[in-house]
Amino acid sequence: MTWLTFLISGTLLAATPLLIAALGEVVVEKSGVLNLSIEGMMSVGAVTAFIVVFETGNHWLALAAGGVAAIVLSVVFACVVLFALGNQVVSGLAVGLLGIGIAGLAGGSYENMTVAPMARLQIPFLSELPVIGPGLFNHPLPVYLAPLLAVVLWWALKYSKVGLVVRAVGESPESANAVGYNVVGIRFLAIMFGGFLAGVSGAFLCVASSTLWADGMVAGRGWIVIALVVFAMWRVERVVIGAYLFGAASIAELLVQSAGISVPSQLMTSIPYIVTIVAVSILSMDGKRVRLNAPVSLGRVYLGTH
Amino acid sequence: MLNILKKLAMAACVSLVAATAQAEPTKLGFIYPSPTGDVGWAKQLDLAREAVVKEFGDKVSTRVVENVAEGPDAGRVINQMISDGAKFVVLGSFGYFNDGLRLARQFPDVAFLHASGFKQSKNFGTFTARNYEGFYLAGMAGGMVTKSNTLGIVAAFAVPEVVAEVNAIALAVKKVNPDAKIKIVWVNTWFDPAKEQDAARAAISRRAGVLFSLHQDTPSVVNVGQAQKVFVVNTNSDMTSHGPDAVLASVTTDWAKYFVKEVGDKLADNFNGTDFRGGIADGTVKVVAWNKAISADQMAQIKQAEADLTSGKMHVFAGPLRDQSGTERVAEGANLPDPDIFAMNWLVEGLDGSLPK
């Protein structure tokens with residue numbers, strides 16, 4: 001594998017979990033709920049997926065199980081913020097910590113174990129191309145499903161009725177309610193959707209790219225996801241750019257170091273963050289447009305109509 | 001109210017007497033920064049704890065709290081252990097240093113052993129491994145078996161301990177294979193398995209056929225090595241089961257002898273906090289799981305070096321030694337003194353890359 005091949009393949013593998021979780025978070029935030037518990041949901045998804053692969057060897061079942069496990073956690077979050085009317089920031093942090101804790105506990109006896117990697121797609125002709133073949137066309141299927149999902153979500157949020165309703169609920173829950181939509185119900189479903197994707201994302205990280213379980217292995221990616229969504233101004237196409245950019249920068253950093261170039265490594269380590277923030281900020285420079293894009297009721301408690 | 005207090009005090013006295021009469025086991029507490037798991041730093045500490053239990057039987061009772069975050073939580077956990085009666089506490093991470101030192105002053109009858117601390121007192125001893133000696137031996141093996149003449153190092157943080165290991169590898173490789181090149185990738189994290197794996201893949205994409213996984217506590221790099229058919233030397237535990245073909249050698253730490261001695265001292269009431277630095281000579285650092293790819297001839301050379309390190313005939317950082325800029329750091333005939341080894345902040349001549357200033 002040449003360094004160019006690794007730059008491509010490493011970027012795809014590093015960006016995929018970020019993209020999957022960020023797409024879910026876009027939907028949740030578009031519905032007006034700030035979900036800060038992504039890290040915990042990814043952890044729960046990761047450990048569940050690991051246990052499933054370890055016991056059954058089925059990676060697809062594991063991805064689904066990871067998603068479902070995170071849905072359970074997201075329901076806890078949804079109940080707290082939608083029914084108990086808890087502050088979204090505090091509730092999100094609490095549920096996130098809960099998820100990280102549960103994952104550590106559930107994975108205790110699997111700590112530092114290893115599973116077989118997920119099967120990689122072999123596309124006739126394409127996978128055999130030099131450089132690009134092993135770089136682009138030699139990965140587990142979810143690597144390709146993630147951008148596909150992004151396209152679907154982009155279309156759905158922009159043009160479909162479901163998407164418009166979700167956005168309406170996030171912009172003005174009172175108006176949505178007035179025209180007959182069940183605000184709490186829609187937000188509940190959005191949170192579950194976001195939870196599912198966060199779980200799948202953690203599952204992918206664990207059983208498709210790392211193949212090992214260790215407590216804390218999500219290692220802050222849940223926070224990067226949240227930052228990506230905000231810096232991308234809640235727009236799906238920019239989330240896609242941000243995720244791949246971050247992935248590429250985090251791989252490039254390691255490649256520059258391994259070339260033996262004398263750059264302080266701490267500076268290199270911070271480059272993915274700097275590049276992503278700068279790039280996405282430039283895209284989002286127009287303050288008026290940012291305000292237009294931010295869901296107006298994001299983070300606000302919806303008291304309902306009494 | 002006063003009455004209740006009196007009763008309580010009496011009850012306490014009675015139970016104290018009862019306790020002495022029954023010769024209760026001495027309570028030993030162990031605090032680890034990570035889960036014990038299958039392999040890793042905490043696992044090695046726990047193996048030593050098991051050795052202590054085996055040695056002293058029902059004279060001691062041990063309690064473990066794993067995965068304790070460094071910071072305020074650590075102080076709370078240590079405090080709790082002491083108030084539960086622990087008389088001997090092992091602090092398994094550098095990050096517990098300040099809390100440990102403070103509580104050691106507060107509870108002079110409790111003995112502490114702290115991993116890699118730099119201050120000692122009557123009841124506060126510290127322990128450090130000379131892992132660099134193990135990595136020197138493993139580095140020889142790496143330099144011998146490489147086919148691409150390129151080796152990669154995935155290193156956690158550029159702290160002196162890790163820098164010393166990088167330098168030891170470089171010196172060993174240079175000795176057995178002067179043409180070999182070394183690619184260093186600092187991941188700047190103690191724990192992020194996915195990133196460590198990417199760093200390993202980056203080094204492999206630069207043709208590294210032998211990787212050194214410096215202070216990765218999980219088999220992250222070993223897994224990549226196994227999948228991509230490159231050799232890996234890893235830290236802390238024998239990871240052969242995670243990479244039967246990949247593991248070239250594992251540089252492990254064995255604290256059993258040291259823990260047993262210190263607990264014995266405590267039981268005999270003559271504990272004294274010392275600065276313990278265990279290496280190849282005393283068996284604290286052991287290189288195990290040598291790969292079959294190393295020929296008998298090469299193994300003999302490595303074993304010779306091990307014997308020379310043990311006898312003191314050889315020193316890893318023996319002069320003349322120059323740093324990257326060509327400045328002489330150790331003169332001909334001299335050895336780098338311990339304080340300088342454990343404060344190493346320079347790379348030896350011939351290595352690429354730079355260190356944080």
# chains A, B, ... in the order shown; residues from 1 in each chain; ligands from 1
>>> residues_around(residues="Val251 (chain B)", least_positions_apart="2", cutoff="6 Å", atoms="only C-alpha atoms", output="PDB file with N, CA, C and O atoms, in the first residue's frame")
ATOM      1  N   GLY B 134      14.417  -3.139  27.459  1.00  0.00           N
ATOM      2  CA  GLY B 134      13.673  -4.145  26.706  1.00  0.00           C
ATOM      3  C   GLY B 134      13.546  -3.760  25.244  1.00  0.00           C
ATOM      4  O   GLY B 134      13.696  -4.597  24.347  1.00  0.00           O
ATOM      5  N   THR B 235       4.082  -3.041  23.818  1.00  0.00           N
ATOM      6  CA  THR B 235       4.415  -2.718  25.206  1.00  0.00           C
ATOM      7  C   THR B 235       3.479  -3.444  26.185  1.00  0.00           C
ATOM      8  O   THR B 235       2.336  -3.734  25.833  1.00  0.00           O
ATOM      9  N   ASN B 236       3.961  -3.668  27.383  1.00  0.00           N
ATOM     10  CA  ASN B 236       3.201  -4.123  28.543  1.00  0.00           C
ATOM     11  C   ASN B 236       2.914  -5.619  28.644  1.00  0.00           C
ATOM     12  O   ASN B 236       3.353  -6.259  29.575  1.00  0.00           O
ATOM     13  N   LYS B 286      10.864  -7.709  30.984  1.00  0.00           N
ATOM     14  CA  LYS B 286      11.139  -8.975  30.300  1.00  0.00           C
ATOM     15  C   LYS B 286      10.684  -8.854  28.864  1.00  0.00           C
ATOM     16  O   LYS B 286       9.579  -8.369  28.602  1.00  0.00           O
ATOM     17  N   VAL B 287      11.523  -9.292  27.942  1.00  0.00           N
ATOM     18  CA  VAL B 287      11.084  -9.341  26.549  1.00  0.00           C
ATOM     19  C   VAL B 287      10.668 -10.777  26.280  1.00  0.00           C
ATOM     20  O   VAL B 287      11.455 -11.708  26.455  1.00  0.00           O
TER      21      VAL B 287
END
>>> closest_atom_pairs(of="chain B", to="chain A", cutoff="10 Å", atoms="only C-alpha atoms", output="JSON lines")
{"residue": "B:Ser34", "atom": "CA", "partner": "A:Asp215", "partner_atom": "CA", "distance": 8.2}
{"residue": "B:Pro35", "atom": "CA", "partner": "A:Glu111", "partner_atom": "CA", "distance": 7.3}
{"residue": "B:Thr36", "atom": "CA", "partner": "A:Glu111", "partner_atom": "CA", "distance": 7.9}
{"residue": "B:Gly37", "atom": "CA", "partner": "A:Glu111", "partner_atom": "CA", "distance": 4.7}
{"residue": "B:Asp38", "atom": "CA", "partner": "A:Asn112", "partner_atom": "CA", "distance": 5.8}
{"residue": "B:Val39", "atom": "CA", "partner": "A:Asn112", "partner_atom": "CA", "distance": 6.6}
{"residue": "B:Gly40", "atom": "CA", "partner": "A:Asn112", "partner_atom": "CA", "distance": 8.2}
{"residue": "B:Asn67", "atom": "CA", "partner": "A:Asp215", "partner_atom": "CA", "distance": 9.0}
{"residue": "B:Gly152", "atom": "CA", "partner": "A:Ser258", "partner_atom": "CA", "distance": 8.0}
{"residue": "B:Ile153", "atom": "CA", "partner": "A:Ser258", "partner_atom": "CA", "distance": 9.0}
{"residue": "B:Val154", "atom": "CA", "partner": "A:Ser258", "partner_atom": "CA", "distance": 9.5}
{"residue": "B:Phe157", "atom": "CA", "partner": "A:Gln266", "partner_atom": "CA", "distance": 9.3}
{"residue": "B:Ala158", "atom": "CA", "partner": "A:Ser265", "partner_atom": "CA", "distance": 9.1}
{"residue": "B:Ile182", "atom": "CA", "partner": "A:Gly260", "partner_atom": "CA", "distance": 8.6}
{"residue": "B:Lys183", "atom": "CA", "partner": "A:Ser258", "partner_atom": "CA", "distance": 5.2}
{"residue": "B:Ile184", "atom": "CA", "partner": "A:Ser258", "partner_atom": "CA", "distance": 5.8}
{"residue": "B:Val185", "atom": "CA", "partner": "A:Gln257", "partner_atom": "CA", "distance": 5.5}
{"residue": "B:Trp186", "atom": "CA", "partner": "A:Ser265", "partner_atom": "CA", "distance": 6.3}
{"residue": "B:Val187", "atom": "CA", "partner": "A:Thr269", "partner_atom": "CA", "distance": 7.3}
{"residue": "B:Asn188", "atom": "CA", "partner": "A:Gln266", "partner_atom": "CA", "distance": 6.7}
{"residue": "B:Thr189", "atom": "CA", "partner": "A:Thr269", "partner_atom": "CA", "distance": 9.4}
{"residue": "B:Phe191", "atom": "CA", "partner": "A:Ala219", "partner_atom": "CA", "distance": 7.3}
{"residue": "B:Asp192", "atom": "CA", "partner": "A:Ala219", "partner_atom": "CA", "distance": 5.6}
{"residue": "B:Pro193", "atom": "CA", "partner": "A:Met217", "partner_atom": "CA", "distance": 6.1}
{"residue": "B:Ala194", "atom": "CA", "partner": "A:Ser210", "partner_atom": "CA", "distance": 5.6}
{"residue": "B:Lys195", "atom": "CA", "partner": "A:Ser250", "partner_atom": "CA", "distance": 8.6}
{"residue": "B:Glu196", "atom": "CA", "partner": "A:Ser210", "partner_atom": "CA", "distance": 9.6}
{"residue": "B:Gln197", "atom": "CA", "partner": "A:Ser210", "partner_atom": "CA", "distance": 7.3}
{"residue": "B:Asp198", "atom": "CA", "partner": "A:Gly10", "partner_atom": "CA", "distance": 6.9}
{"residue": "B:Ala199", "atom": "CA", "partner": "A:Leu254", "partner_atom": "CA", "distance": 5.7}
{"residue": "B:Ala200", "atom": "CA", "partner": "A:Leu254", "partner_atom": "CA", "distance": 9.0}
{"residue": "B:Arg201", "atom": "CA", "partner": "A:Phe6", "partner_atom": "CA", "distance": 7.3}
{"residue": "B:Ala202", "atom": "CA", "partner": "A:Leu255", "partner_atom": "CA", "distance": 5.4}
{"residue": "B:Ala203", "atom": "CA", "partner": "A:Ser258", "partner_atom": "CA", "distance": 5.7}
{"residue": "B:Ile204", "atom": "CA", "partner": "A:Met1", "partner_atom": "CA", "distance": 7.6}
{"residue": "B:Ser205", "atom": "CA", "partner": "A:Trp3", "partner_atom": "CA", "distance": 4.7}
{"residue": "B:Arg206", "atom": "CA", "partner": "A:Trp3", "partner_atom": "CA", "distance": 6.3}
{"residue": "B:Arg207", "atom": "CA", "partner": "A:Thr2", "partner_atom": "CA", "distance": 7.9}
{"residue": "B:Ala208", "atom": "CA", "partner": "A:Ser258", "partner_atom": "CA", "distance": 9.6}
{"residue": "B:Asp217", "atom": "CA", "partner": "A:Asn112", "partner_atom": "CA", "distance": 8.5}
{"residue": "B:Thr218", "atom": "CA", "partner": "A:Asn112", "partner_atom": "CA", "distance": 5.6}
{"residue": "B:Pro219", "atom": "CA", "partner": "A:Asn112", "partner_atom": "CA", "distance": 6.7}
{"residue": "B:Ser220", "atom": "CA", "partner": "A:Leu212", "partner_atom": "CA", "distance": 7.1}
{"residue": "B:Val221", "atom": "CA", "partner": "A:Ser210", "partner_atom": "CA", "distance": 9.7}
{"residue": "B:Asn223", "atom": "CA", "partner": "A:Thr114", "partner_atom": "CA", "distance": 7.7}
{"residue": "B:Val224", "atom": "CA", "partner": "A:Ser210", "partner_atom": "CA", "distance": 8.6}
{"residue": "B:Ala227", "atom": "CA", "partner": "A:Pro117", "partner_atom": "CA", "distance": 8.9}
{"residue": "B:Gln228", "atom": "CA", "partner": "A:Met1", "partner_atom": "CA", "distance": 9.4}
{"residue": "B:Ser241", "atom": "CA", "partner": "A:Thr114", "partner_atom": "CA", "distance": 9.3}
{"residue": "B:His242", "atom": "CA", "partner": "A:Thr114", "partner_atom": "CA", "distance": 6.6}
{"residue": "B:Gly243", "atom": "CA", "partner": "A:Thr114", "partner_atom": "CA", "distance": 9.6}
{"residue": "B:Leu351", "atom": "CA", "partner": "A:Gly260", "partner_atom": "CA", "distance": 8.4}
{"residue": "B:Asp352", "atom": "CA", "partner": "A:Gly260", "partner_atom": "CA", "distance": 5.0}
{"residue": "B:Gly353", "atom": "CA", "partner": "A:Ser262", "partner_atom": "CA", "distance": 4.5}
{"residue": "B:Ser354", "atom": "CA", "partner": "A:Ser262", "partner_atom": "CA", "distance": 5.3}
{"residue": "B:Leu355", "atom": "CA", "partner": "A:Pro264", "partner_atom": "CA", "distance": 6.3}
{"residue": "B:Pro356", "atom": "CA", "partner": "A:Pro264", "partner_atom": "CA", "distance": 5.9}
{"residue": "B:Lys357", "atom": "CA", "partner": "A:Pro264", "partner_atom": "CA", "distance": 8.6}
>>> residues_around(residues="region 305-307 of chain B", least_positions_apart="6", cutoff="12 Å", atoms="only C-alpha atoms", output="number ranges by chain")
B: 133-141, 172, 175-176, 279-283, 285-287, 298-299, 313-316
>>> residues_around(residues="Tyr244 (chain A)", least_positions_apart="6", cutoff="12 Å", atoms="only C-alpha atoms", output="ChimeraX atom specification")
/A:7-20,22,143,146-147,225,228,237-238,250-252,272,275-276,279-280
>>> closest_residue(among="A:Ala69, A:Met192, A:Val152, A:Ala198", to="Met42 (chain A)", atoms="only C-alpha atoms")
A:Ala198
>>> residues_around(residues="Ile31 (chain B)", least_positions_apart="2", cutoff="7 Å", atoms="only C-alpha atoms", output="JSON, numbers by chain")
{"B": [29, 33, 64, 65, 66, 68, 90, 91, 92]}
>>> write_last_selection(atoms="C-alpha atoms", output="short mmCIF file (atom, residue, chain, number, x, y, z; two decimals), in the first residue's frame")
data_model
loop_
_atom_site.label_atom_id
_atom_site.label_comp_id
_atom_site.auth_asym_id
_atom_site.auth_seq_id
_atom_site.Cartn_x
_atom_site.Cartn_y
_atom_site.Cartn_z
CA GLY B 29 -5.57 -1.40 47.92
CA PRO B 33 -6.02 3.96 35.55
CA VAL B 64 -8.93 -3.35 43.35
CA VAL B 65 -10.52 -0.24 41.90
CA GLU B 66 -9.88 -0.07 38.17
CA VAL B 68 -10.01 5.47 38.01
CA VAL B 90 -0.61 0.86 45.07
CA LEU B 91 -1.22 3.85 42.81
CA GLY B 92 -1.00 2.62 39.25
#
>>> select_by_dssp(residues="region 38-201 of chain B", states="strand (DSSP E)", output="compact mmCIF listing (two decimals) with all heavy atoms, in the first residue's frame")
# COMPACT_ATOMS: atom_id res chain seq x y z
N VAL B 60 -3.03 -11.21 54.00
CA VAL B 60 -3.43 -9.97 53.33
C VAL B 60 -4.79 -10.16 52.66
O VAL B 60 -5.20 -11.27 52.36
CB VAL B 60 -2.41 -9.54 52.25
CG1 VAL B 60 -1.07 -9.21 52.84
CG2 VAL B 60 -2.28 -10.63 51.18
N SER B 61 -5.49 -9.03 52.51
CA SER B 61 -6.68 -9.06 51.65
C SER B 61 -6.54 -7.88 50.70
O SER B 61 -6.10 -6.81 51.09
CB SER B 61 -7.95 -8.95 52.49
OG SER B 61 -8.11 -7.64 52.94
N THR B 62 -6.86 -8.11 49.43
CA THR B 62 -6.63 -7.05 48.45
C THR B 62 -7.94 -6.56 47.88
O THR B 62 -8.92 -7.28 47.81
CB THR B 62 -5.74 -7.53 47.29
OG1 THR B 62 -6.41 -8.57 46.59
CG2 THR B 62 -4.40 -8.00 47.79
N ARG B 63 -7.93 -5.31 47.50
CA ARG B 63 -9.10 -4.73 46.87
C ARG B 63 -8.61 -3.89 45.68
O ARG B 63 -7.61 -3.18 45.77
CB ARG B 63 -9.81 -3.84 47.87
CG ARG B 63 -11.15 -3.39 47.35
CD ARG B 63 -11.89 -2.62 48.43
NE ARG B 63 -12.64 -1.57 47.75
CZ ARG B 63 -12.97 -0.43 48.31
NH1 ARG B 63 -12.60 -0.16 49.55
NH2 ARG B 63 -13.67 0.44 47.65
N VAL B 64 -9.33 -4.03 44.57
CA VAL B 64 -8.93 -3.35 43.35
C VAL B 64 -9.99 -2.35 42.92
O VAL B 64 -11.18 -2.68 42.95
CB VAL B 64 -8.71 -4.36 42.20
CG1 VAL B 64 -8.40 -3.64 40.90
CG2 VAL B 64 -7.61 -5.35 42.54
N VAL B 65 -9.60 -1.15 42.59
CA VAL B 65 -10.52 -0.24 41.90
C VAL B 65 -9.85 0.10 40.57
O VAL B 65 -8.75 0.66 40.54
CB VAL B 65 -10.78 1.04 42.70
CG1 VAL B 65 -11.80 1.92 41.97
CG2 VAL B 65 -11.29 0.70 44.08
N ALA B 86 -7.36 0.25 54.48
CA ALA B 86 -6.17 -0.14 53.71
C ALA B 86 -4.92 0.43 54.34
O ALA B 86 -4.88 1.59 54.73
CB ALA B 86 -6.30 0.33 52.27
N LYS B 87 -3.89 -0.42 54.47
CA LYS B 87 -2.62 0.02 55.08
C LYS B 87 -1.51 0.10 54.04
O LYS B 87 -0.38 0.46 54.33
CB LYS B 87 -2.21 -0.96 56.19
CG LYS B 87 -3.10 -0.89 57.41
CD LYS B 87 -2.89 0.40 58.18
CE LYS B 87 -3.98 0.59 59.22
NZ LYS B 87 -4.48 1.97 59.24
N PHE B 88 -1.85 -0.33 52.84
CA PHE B 88 -0.85 -0.39 51.77
C PHE B 88 -1.59 -0.11 50.48
O PHE B 88 -2.54 -0.80 50.13
CB PHE B 88 -0.24 -1.80 51.76
CG PHE B 88 0.94 -1.95 50.83
CD1 PHE B 88 2.24 -1.89 51.31
CD2 PHE B 88 0.75 -2.16 49.47
CE1 PHE B 88 3.33 -2.04 50.46
CE2 PHE B 88 1.83 -2.31 48.62
CZ PHE B 88 3.12 -2.25 49.11
N VAL B 89 -1.20 0.95 49.79
CA VAL B 89 -1.94 1.34 48.60
C VAL B 89 -1.00 1.43 47.40
O VAL B 89 0.04 2.08 47.47
CB VAL B 89 -2.65 2.70 48.80
CG1 VAL B 89 -3.47 3.07 47.57
CG2 VAL B 89 -3.55 2.66 50.03
N VAL B 90 -1.38 0.77 46.31
CA VAL B 90 -0.61 0.86 45.07
C VAL B 90 -1.33 1.80 44.11
O VAL B 90 -2.50 1.59 43.79
CB VAL B 90 -0.44 -0.53 44.41
CG1 VAL B 90 0.25 -0.38 43.06
CG2 VAL B 90 0.35 -1.46 45.32
N LEU B 91 -0.64 2.86 43.71
CA LEU B 91 -1.22 3.85 42.81
C LEU B 91 -0.65 3.62 41.41
O LEU B 91 0.51 3.91 41.16
CB LEU B 91 -0.90 5.26 43.30
CG LEU B 91 -1.28 5.53 44.76
CD1 LEU B 91 -0.76 6.89 45.19
CD2 LEU B 91 -2.78 5.44 44.95
N ALA B 111 1.31 2.74 53.80
CA ALA B 111 2.42 2.72 52.84
C ALA B 111 1.88 2.87 51.43
O ALA B 111 0.85 2.30 51.09
CB ALA B 111 3.18 1.41 52.96
N PHE B 112 2.58 3.67 50.62
CA PHE B 112 2.15 3.90 49.24
C PHE B 112 3.23 3.45 48.26
O PHE B 112 4.41 3.66 48.51
CB PHE B 112 1.90 5.40 49.00
CG PHE B 112 0.69 5.94 49.71
CD1 PHE B 112 0.75 6.28 51.05
CD2 PHE B 112 -0.50 6.13 49.02
CE1 PHE B 112 -0.36 6.79 51.70
CE2 PHE B 112 -1.62 6.64 49.66
CZ PHE B 112 -1.55 6.99 51.01
N LEU B 113 2.79 2.85 47.17
CA LEU B 113 3.70 2.63 46.04
C LEU B 113 3.09 3.35 44.86
O LEU B 113 1.92 3.14 44.52
CB LEU B 113 3.83 1.14 45.71
CG LEU B 113 4.51 0.23 46.73
CD1 LEU B 113 4.63 -1.17 46.16
CD2 LEU B 113 5.88 0.76 47.10
N HIS B 114 3.87 4.21 44.23
CA HIS B 114 3.32 5.01 43.13
C HIS B 114 4.09 4.79 41.83
O HIS B 114 5.32 4.78 41.82
CB HIS B 114 3.36 6.50 43.52
CG HIS B 114 2.90 7.39 42.42
ND1 HIS B 114 3.79 8.03 41.61
CD2 HIS B 114 1.67 7.71 41.98
CE1 HIS B 114 3.11 8.74 40.70
NE2 HIS B 114 1.82 8.55 40.91
N ALA B 115 3.33 4.63 40.75
CA ALA B 115 3.97 4.39 39.45
C ALA B 115 4.58 5.67 38.90
O ALA B 115 3.88 6.65 38.70
CB ALA B 115 2.94 3.84 38.46
N PHE B 124 6.19 6.58 51.18
CA PHE B 124 5.77 6.79 49.79
C PHE B 124 6.91 6.38 48.85
O PHE B 124 7.89 7.12 48.69
CB PHE B 124 5.39 8.26 49.59
CG PHE B 124 4.66 8.55 48.29
CD1 PHE B 124 3.28 8.43 48.23
CD2 PHE B 124 5.35 8.94 47.16
CE1 PHE B 124 2.59 8.70 47.05
CE2 PHE B 124 4.67 9.22 45.97
CZ PHE B 124 3.29 9.09 45.93
N GLY B 125 6.79 5.21 48.29
CA GLY B 125 7.82 4.73 47.37
C GLY B 125 7.33 4.84 45.93
O GLY B 125 6.13 4.88 45.67
N THR B 126 8.26 4.91 44.99
CA THR B 126 7.86 5.01 43.59
C THR B 126 8.53 3.89 42.78
O THR B 126 9.60 3.41 43.13
CB THR B 126 8.29 6.36 42.99
OG1 THR B 126 9.69 6.52 43.17
CG2 THR B 126 7.56 7.50 43.66
N PHE B 127 7.86 3.49 41.70
CA PHE B 127 8.45 2.46 40.84
C PHE B 127 8.36 2.82 39.37
O PHE B 127 7.37 3.37 38.91
CB PHE B 127 7.82 1.09 41.11
CG PHE B 127 6.33 1.01 40.92
CD1 PHE B 127 5.80 0.50 39.73
CD2 PHE B 127 5.45 1.38 41.92
CE1 PHE B 127 4.42 0.39 39.54
CE2 PHE B 127 4.07 1.29 41.74
CZ PHE B 127 3.56 0.79 40.56
N THR B 128 9.43 2.57 38.67
CA THR B 128 9.53 2.87 37.24
C THR B 128 10.22 1.70 36.56
O THR B 128 11.09 1.07 37.16
CB THR B 128 10.39 4.13 37.01
OG1 THR B 128 10.01 5.12 37.96
CG2 THR B 128 10.20 4.68 35.61
N ALA B 129 9.82 1.43 35.31
CA ALA B 129 10.49 0.35 34.58
C ALA B 129 11.49 0.94 33.60
O ALA B 129 11.24 1.98 33.00
CB ALA B 129 9.46 -0.48 33.83
N THR B 150 13.17 -0.55 6.61
CA THR B 150 12.44 0.57 7.19
C THR B 150 11.64 0.06 8.38
O THR B 150 10.97 -0.97 8.29
CB THR B 150 11.47 1.18 6.15
OG1 THR B 150 12.20 1.43 4.96
CG2 THR B 150 10.87 2.47 6.67
N LEU B 151 11.75 0.79 9.48
CA LEU B 151 11.00 0.42 10.67
C LEU B 151 10.14 1.61 11.09
O LEU B 151 10.50 2.76 10.82
CB LEU B 151 11.95 0.05 11.83
CG LEU B 151 12.88 -1.14 11.57
CD1 LEU B 151 14.20 -0.67 11.00
CD2 LEU B 151 13.11 -1.93 12.84
N GLY B 152 9.01 1.33 11.69
CA GLY B 152 8.12 2.39 12.11
C GLY B 152 7.90 2.37 13.61
O GLY B 152 7.93 1.31 14.23
N ILE B 153 7.74 3.56 14.20
CA ILE B 153 7.45 3.63 15.62
C ILE B 153 6.14 4.41 15.81
O ILE B 153 6.02 5.54 15.32
CB ILE B 153 8.57 4.34 16.41
CG1 ILE B 153 9.88 3.55 16.27
CG2 ILE B 153 8.19 4.50 17.88
CD1 ILE B 153 11.06 4.19 17.00
N VAL B 154 5.15 3.80 16.45
CA VAL B 154 3.94 4.51 16.81
C VAL B 154 4.07 4.84 18.29
O VAL B 154 4.04 3.94 19.13
CB VAL B 154 2.68 3.66 16.56
CG1 VAL B 154 1.43 4.40 17.00
CG2 VAL B 154 2.57 3.28 15.09
N ALA B 155 4.27 6.12 18.59
CA ALA B 155 4.58 6.50 19.96
C ALA B 155 3.48 7.38 20.55
O ALA B 155 2.92 8.21 19.84
CB ALA B 155 5.91 7.23 20.01
N LYS B 181 16.19 2.59 8.14
CA LYS B 181 15.61 3.90 8.46
C LYS B 181 14.45 3.71 9.42
O LYS B 181 13.79 2.67 9.43
CB LYS B 181 15.07 4.54 7.18
CG LYS B 181 16.16 4.96 6.22
CD LYS B 181 15.68 6.11 5.34
CE LYS B 181 16.82 6.87 4.70
NZ LYS B 181 18.05 6.10 4.48
N ILE B 182 14.21 4.75 10.23
CA ILE B 182 13.12 4.66 11.20
C ILE B 182 12.14 5.81 10.99
O ILE B 182 12.54 6.97 10.87
CB ILE B 182 13.67 4.70 12.65
CG1 ILE B 182 14.54 3.46 12.89
CG2 ILE B 182 12.53 4.74 13.66
CD1 ILE B 182 15.17 3.40 14.25
N LYS B 183 10.86 5.47 10.88
CA LYS B 183 9.80 6.48 10.73
C LYS B 183 9.05 6.57 12.06
O LYS B 183 8.48 5.58 12.50
CB LYS B 183 8.81 6.08 9.64
CG LYS B 183 9.46 5.69 8.33
CD LYS B 183 9.87 6.91 7.57
CE LYS B 183 10.40 6.55 6.19
NZ LYS B 183 11.06 7.69 5.57
N ILE B 184 9.04 7.76 12.65
CA ILE B 184 8.33 7.92 13.94
C ILE B 184 7.01 8.64 13.70
O ILE B 184 6.97 9.65 13.01
CB ILE B 184 9.14 8.75 14.95
CG1 ILE B 184 10.60 8.29 15.00
CG2 ILE B 184 8.51 8.67 16.33
CD1 ILE B 184 11.47 9.15 15.88
N VAL B 185 5.95 8.11 14.27
CA VAL B 185 4.66 8.81 14.25
C VAL B 185 4.20 9.00 15.70
O VAL B 185 3.96 8.02 16.42
CB VAL B 185 3.58 8.04 13.47
CG1 VAL B 185 2.31 8.88 13.38
CG2 VAL B 185 4.07 7.69 12.07
N TRP B 186 4.13 10.25 16.12
CA TRP B 186 3.61 10.53 17.47
C TRP B 186 2.10 10.69 17.35
O TRP B 186 1.62 11.52 16.58
CB TRP B 186 4.21 11.84 18.01
CG TRP B 186 5.70 11.79 18.16
CD1 TRP B 186 6.61 12.27 17.28
CD2 TRP B 186 6.45 11.23 19.25
NE1 TRP B 186 7.89 12.04 17.74
CE2 TRP B 186 7.82 11.40 18.95
CE3 TRP B 186 6.10 10.60 20.44
CZ2 TRP B 186 8.83 10.97 19.79
CZ3 TRP B 186 7.11 10.18 21.28
CH2 TRP B 186 8.46 10.36 20.96
>>> residues_around(residues="region 73-77 of chain B", least_positions_apart="6", cutoff="9 Å", atoms="only C-alpha atoms", output="number ranges by chain")
B: 31, 65, 95-96, 98-100, 103
>>> atom_distance(atom1="CA of Gly209 (chain B)", atom2="CA of Ser325 (chain B)")
27.4 Å
>>> residues_around(residues="Ile51 (chain A)", least_positions_apart="2", cutoff="9 Å", atoms="only C-alpha atoms", output="ChimeraX atom specification")
/A:46-49,53-56,62,106-107,110,213
